[in-house]
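Enquirer: Pasting model_8.pdb here (PDB, C-alpha atoms, pLDDT in the B column):
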```
ATOM      1  CA  MET A   1       0.000   0.000   0.000  1.00 47.00           C
ATOM      2  CA  PRO A   2       1.384   3.439  -0.845  1.00 52.00           C
ATOM      3  CA  ARG A   3       2.220   5.560   2.202  1.00 56.00           C
ATOM      4  CA  VAL A   4      -0.238   8.356   2.971  1.00 61.00           C
ATOM      5  CA  THR A   5       1.764  11.565   2.598  1.00 61.00           C
ATOM      6  CA  LYS A   6       1.497  14.569   4.847  1.00 63.00           C
ATOM      7  CA  SER A   7       0.332  16.668   1.908  1.00 72.00           C
ATOM      8  CA  ASP A   8      -2.694  14.435   1.250  1.00 88.00           C
ATOM      9  CA  TRP A   9      -6.157  15.861   1.834  1.00 94.00           C
ATOM     10  CA  ALA A  10      -9.065  13.972   3.356  1.00 95.00           C
ATOM     11  CA  LEU A  11     -12.677  14.568   4.358  1.00 96.00           C
ATOM     12  CA  LEU A  12     -13.714  14.696   8.021  1.00 96.00           C
ATOM     13  CA  TYR A  13     -17.284  13.826   9.012  1.00 95.00           C
ATOM     14  CA  GLN A  14     -18.451  14.885  12.486  1.00 91.00           C
ATOM     15  CA  ASP A  15     -21.825  13.152  12.230  1.00 83.00           C
ATOM     16  CA  TRP A  16     -23.559  10.852   9.752  1.00 76.00           C
ATOM     17  CA  PRO A  17     -24.803  12.367   7.547  1.00 79.00           C
ATOM     18  CA  SER A  18     -23.158  15.757   7.922  1.00 78.00           C
ATOM     19  CA  GLU A  19     -21.341  18.436   6.046  1.00 83.00           C
ATOM     20  CA  VAL A  20     -17.720  17.544   5.488  1.00 92.00           C
ATOM     21  CA  THR A  21     -14.604  19.430   6.520  1.00 94.00           C
ATOM     22  CA  ASP A  22     -11.460  19.311   4.392  1.00 96.00           C
ATOM     23  CA  VAL A  23      -8.444  18.299   6.490  1.00 96.00           C
ATOM     24  CA  ARG A  24      -4.770  17.830   5.663  1.00 95.00           C
ATOM     25  CA  MET A  25      -3.077  14.663   6.829  1.00 94.00           C
ATOM     26  CA  ARG A  26      -0.419  14.893   9.518  1.00 92.00           C
ATOM     27  CA  ASP A  27       0.033  11.225  10.462  1.00 90.00           C
ATOM     28  CA  LEU A  28      -1.744   7.885  10.080  1.00 89.00           C
ATOM     29  CA  SER A  29      -0.818   4.553  11.644  1.00 85.00           C
ATOM     30  CA  LEU A  30      -2.630   1.408  12.730  1.00 82.00           C
ATOM     31  CA  ASP A  31      -3.125   3.038  16.153  1.00 84.00           C
ATOM     32  CA  GLY A  32      -4.165   6.584  15.360  1.00 92.00           C
ATOM     33  CA  ILE A  33      -4.636   9.513  13.053  1.00 94.00           C
ATOM     34  CA  SER A  34      -3.579  13.151  13.217  1.00 94.00           C
ATOM     35  CA  VAL A  35      -4.842  15.876  10.889  1.00 95.00           C
ATOM     36  CA  TYR A  36      -4.659  19.637  10.437  1.00 96.00           C
ATOM     37  CA  SER A  37      -8.108  21.203  10.556  1.00 96.00           C
ATOM     38  CA  GLY A  38      -9.587  24.675  10.325  1.00 94.00           C
ATOM     39  CA  ILE A  39     -12.042  23.786  13.095  1.00 92.00           C
ATOM     40  CA  GLU A  40     -11.636  22.741  16.710  1.00 91.00           C
ATOM     41  CA  LEU A  41     -13.615  19.738  17.922  1.00 90.00           C
ATOM     42  CA  PRO A  42     -14.780  18.981  21.454  1.00 86.00           C
ATOM     43  CA  MET A  43     -13.445  15.871  23.161  1.00 86.00           C
ATOM     44  CA  PRO A  44     -14.261  13.109  23.266  1.00 87.00           C
ATOM     45  CA  ARG A  45     -15.762  13.091  19.787  1.00 91.00           C
ATOM     46  CA  THR A  46     -16.138  10.243  17.311  1.00 94.00           C
ATOM     47  CA  ILE A  47     -15.299  11.217  13.735  1.00 95.00           C
ATOM     48  CA  ARG A  48     -14.908   9.583  10.342  1.00 95.00           C
ATOM     49  CA  VAL A  49     -12.005  10.536   8.056  1.00 95.00           C
ATOM     50  CA  VAL A  50     -12.011   9.420   4.426  1.00 94.00           C
ATOM     51  CA  GLY A  51      -8.997   9.742   2.145  1.00 92.00           C
ATOM     52  CA  ALA A  52      -8.010   8.301  -1.214  1.00 87.00           C
ATOM     53  CA  ALA A  53      -6.553   5.130   0.329  1.00 87.00           C
ATOM     54  CA  PHE A  54      -8.333   4.839   3.690  1.00 90.00           C
ATOM     55  CA  ASP A  55     -11.599   5.181   5.593  1.00 93.00           C
ATOM     56  CA  VAL A  56     -11.266   5.368   9.379  1.00 94.00           C
ATOM     57  CA  VAL A  57     -13.448   5.998  12.403  1.00 95.00           C
ATOM     58  CA  ALA A  58     -11.592   7.516  15.348  1.00 96.00           C
ATOM     59  CA  GLU A  59     -12.168   9.066  18.742  1.00 96.00           C
ATOM     60  CA  ILE A  60     -10.596  12.517  19.102  1.00 96.00           C
ATOM     61  CA  VAL A  61      -8.309  12.414  22.155  1.00 95.00           C
ATOM     62  CA  SER A  62      -6.600  15.804  21.833  1.00 94.00           C
ATOM     63  CA  SER A  63      -6.832  19.057  19.924  1.00 94.00           C
ATOM     64  CA  ARG A  64      -4.157  21.752  19.840  1.00 94.00           C
ATOM     65  CA  ARG A  65      -4.084  25.168  18.217  1.00 95.00           C
ATOM     66  CA  VAL A  66      -1.120  25.657  15.873  1.00 90.00           C
ATOM     67  CA  GLY A  67      -1.281  29.185  14.485  1.00 94.00           C
ATOM     68  CA  LYS A  68      -4.558  29.519  12.576  1.00 94.00           C
ATOM     69  CA  VAL A  69      -5.310  25.777  12.455  1.00 95.00           C
ATOM     70  CA  PHE A  70      -5.812  22.918  14.895  1.00 96.00           C
ATOM     71  CA  THR A  71      -4.114  19.549  15.090  1.00 95.00           C
ATOM     72  CA  LEU A  72      -6.653  16.853  15.883  1.00 96.00           C
ATOM     73  CA  HIS A  73      -5.351  13.552  17.242  1.00 96.00           C
ATOM     74  CA  GLY A  74      -7.530  10.456  17.283  1.00 95.00           C
ATOM     75  CA  ARG A  75      -7.425   6.847  18.463  1.00 96.00           C
ATOM     76  CA  LEU A  76      -8.592   4.505  15.713  1.00 95.00           C
ATOM     77  CA  ILE A  77     -11.771   2.548  16.345  1.00 95.00           C
ATOM     78  CA  THR A  78     -11.986   0.960  12.887  1.00 94.00           C
ATOM     79  CA  ALA A  79      -9.962   1.308   9.707  1.00 91.00           C
ATOM     80  CA  LEU A  80     -10.170   0.215   6.107  1.00 90.00           C
ATOM     81  CA  PHE A  81      -7.032   0.721   4.048  1.00 83.00           C
ATOM     82  CA  THR A  82      -7.499   0.320   0.303  1.00 78.00           C
ATOM     83  CA  ASN A  83      -4.909  -0.241  -2.364  1.00 65.00           C
ATOM     84  CA  PRO A  84      -5.488   1.645  -5.620  1.00 57.00           C
ATOM     85  CA  ALA A  85      -4.359  -1.539  -7.423  1.00 56.00           C
ATOM     86  CA  GLY A  86      -7.409  -3.336  -6.036  1.00 52.00           C
ATOM     87  CA  GLY A  87      -6.240  -5.150  -2.891  1.00 50.00           C
ATOM     88  CA  PHE A  88      -7.247  -4.243   0.628  1.00 48.00           C
ATOM     89  CA  VAL A  89      -6.347  -4.663   4.265  1.00 51.00           C
ATOM     90  CA  SER A  90      -8.753  -3.994   7.098  1.00 51.00           C
ATOM     91  CA  THR A  91      -8.275  -4.045  10.842  1.00 53.00           C
ATOM     92  CA  SER A  92      -9.973  -3.019  14.053  1.00 54.00           C
ATOM     93  CA  ALA A  93      -7.857  -1.087  16.516  1.00 52.00           C
TER
END
```
Could you render the structure as structure tokens?
Expert:
Amino acid sequence: MPRVTKSDWALLYQDWPSEVTDVRMRDLSLDGISVYSGIELPMPRTIRVVGAAFDVVAEIVSSRRVGKVFTLHGRLITALFTNPAGGFVSTSA
């Protein structure tokens, strides 16, 4: 699976269904996710983040202001990692 780069964009859902928020990736592992966001979220908060190669549900565990944006850090609840070539790997954290 290609590595998710820090310049990749993703969509953050706060509720289902809801309006989406564009976020920029900061980090993604099998344990957690971190994104740059223009909005602050209350904690704890369950979110869904969908990118080109992944679809995860996470619980926000911290939020920090960095200049004009926020870094949101979440613990993965579920994750689906897709391979553009057609394969997939899924796991529950």
Enquirer: Applied to the shown file, which residues does the PyMOL selection byres ((chain A and resi 53) around 6) return, written as a PyMOL selection string?
Expert: chain A and resi 51-52+54+81-82
Enquirer: Near Glu59 in chain A, counting all atoms listed in the file, which residues have an atom at most 12 Å away, once you skip same-chain residues fewer than 5 positions from it, shown as a list in words?
Expert: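 Here the answer would be Tyr13, Gln14, Asp31, Gly32, Ile33, Ser34, Leu41, Pro42, Met43, Pro44, Arg45, Thr46, Ile47, Arg48, Val49, Leu72, His73, Gly74, Arg75, Leu76, Ile77, Thr78 and Ala93 of chain A.
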Enquirer: Write a file of the selected residues as a tab-separated table (two decimals), in the frame of the given file, keeping C-alpha atoms.
Expert:
```
chain	number	residue	atom	x	y	z
A	13	TYR	CA	-17.28	13.83	9.01
A	14	GLN	CA	-18.45	14.88	12.49
A	31	ASP	CA	-3.12	3.04	16.15
A	32	GLY	CA	-4.16	6.58	15.36
A	33	ILE	CA	-4.64	9.51	13.05
A	34	SER	CA	-3.58	13.15	13.22
A	41	LEU	CA	-13.62	19.74	17.92
A	42	PRO	CA	-14.78	18.98	21.45
A	43	MET	CA	-13.44	15.87	23.16
A	44	PRO	CA	-14.26	13.11	23.27
A	45	ARG	CA	-15.76	13.09	19.79
A	46	THR	CA	-16.14	10.24	17.31
A	47	ILE	CA	-15.30	11.22	13.74
A	48	ARG	CA	-14.91	9.58	10.34
A	49	VAL	CA	-12.00	10.54	8.06
A	72	LEU	CA	-6.65	16.85	15.88
A	73	HIS	CA	-5.35	13.55	17.24
A	74	GLY	CA	-7.53	10.46	17.28
A	75	ARG	CA	-7.42	6.85	18.46
A	76	LEU	CA	-8.59	4.50	15.71
A	77	ILE	CA	-11.77	2.55	16.34
A	78	THR	CA	-11.99	0.96	12.89
A	93	ALA	CA	-7.86	-1.09	16.52
```
Enquirer: Hey, can you check how far CA of Arg65 in chain A sits from CA of Ala79 in chain A?
Expert: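 Answer for the CA of Arg65 in chain A to CA of Ala79 in chain A separation: 26.0 Å.
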Enquirer: Check what the PyMOL selection byres ((chain A and resi 20) around 12) selects in the file above and give those residues as a VMD selection string.
Expert: chain A and resid 10 to 19 21 to 23 37 to 39 47 to 50
Enquirer: Measure the distance from CA of Tyr36 in chain A to CA of Arg24 in chain A in Å and round it to one decimal.
Expert: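 These two atoms are separated by 5.1 Å.
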Enquirer: Let me make sure I understand: among A:Phe70, A:Glu40, A:Leu30, A:Asp8, which one has the smallest atom-to-atom distance to Val57 in chain A if we use only C-alpha atoms?
Expert: A:Leu30
Enquirer: Please measure the separation of CA of Leu80 in chain A and CA of Ser62 in chain A, giving the value in Å to one decimal.
Expert: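 Going from CA of Leu80 in chain A over to CA of Ser62 in chain A covers 22.4 Å.
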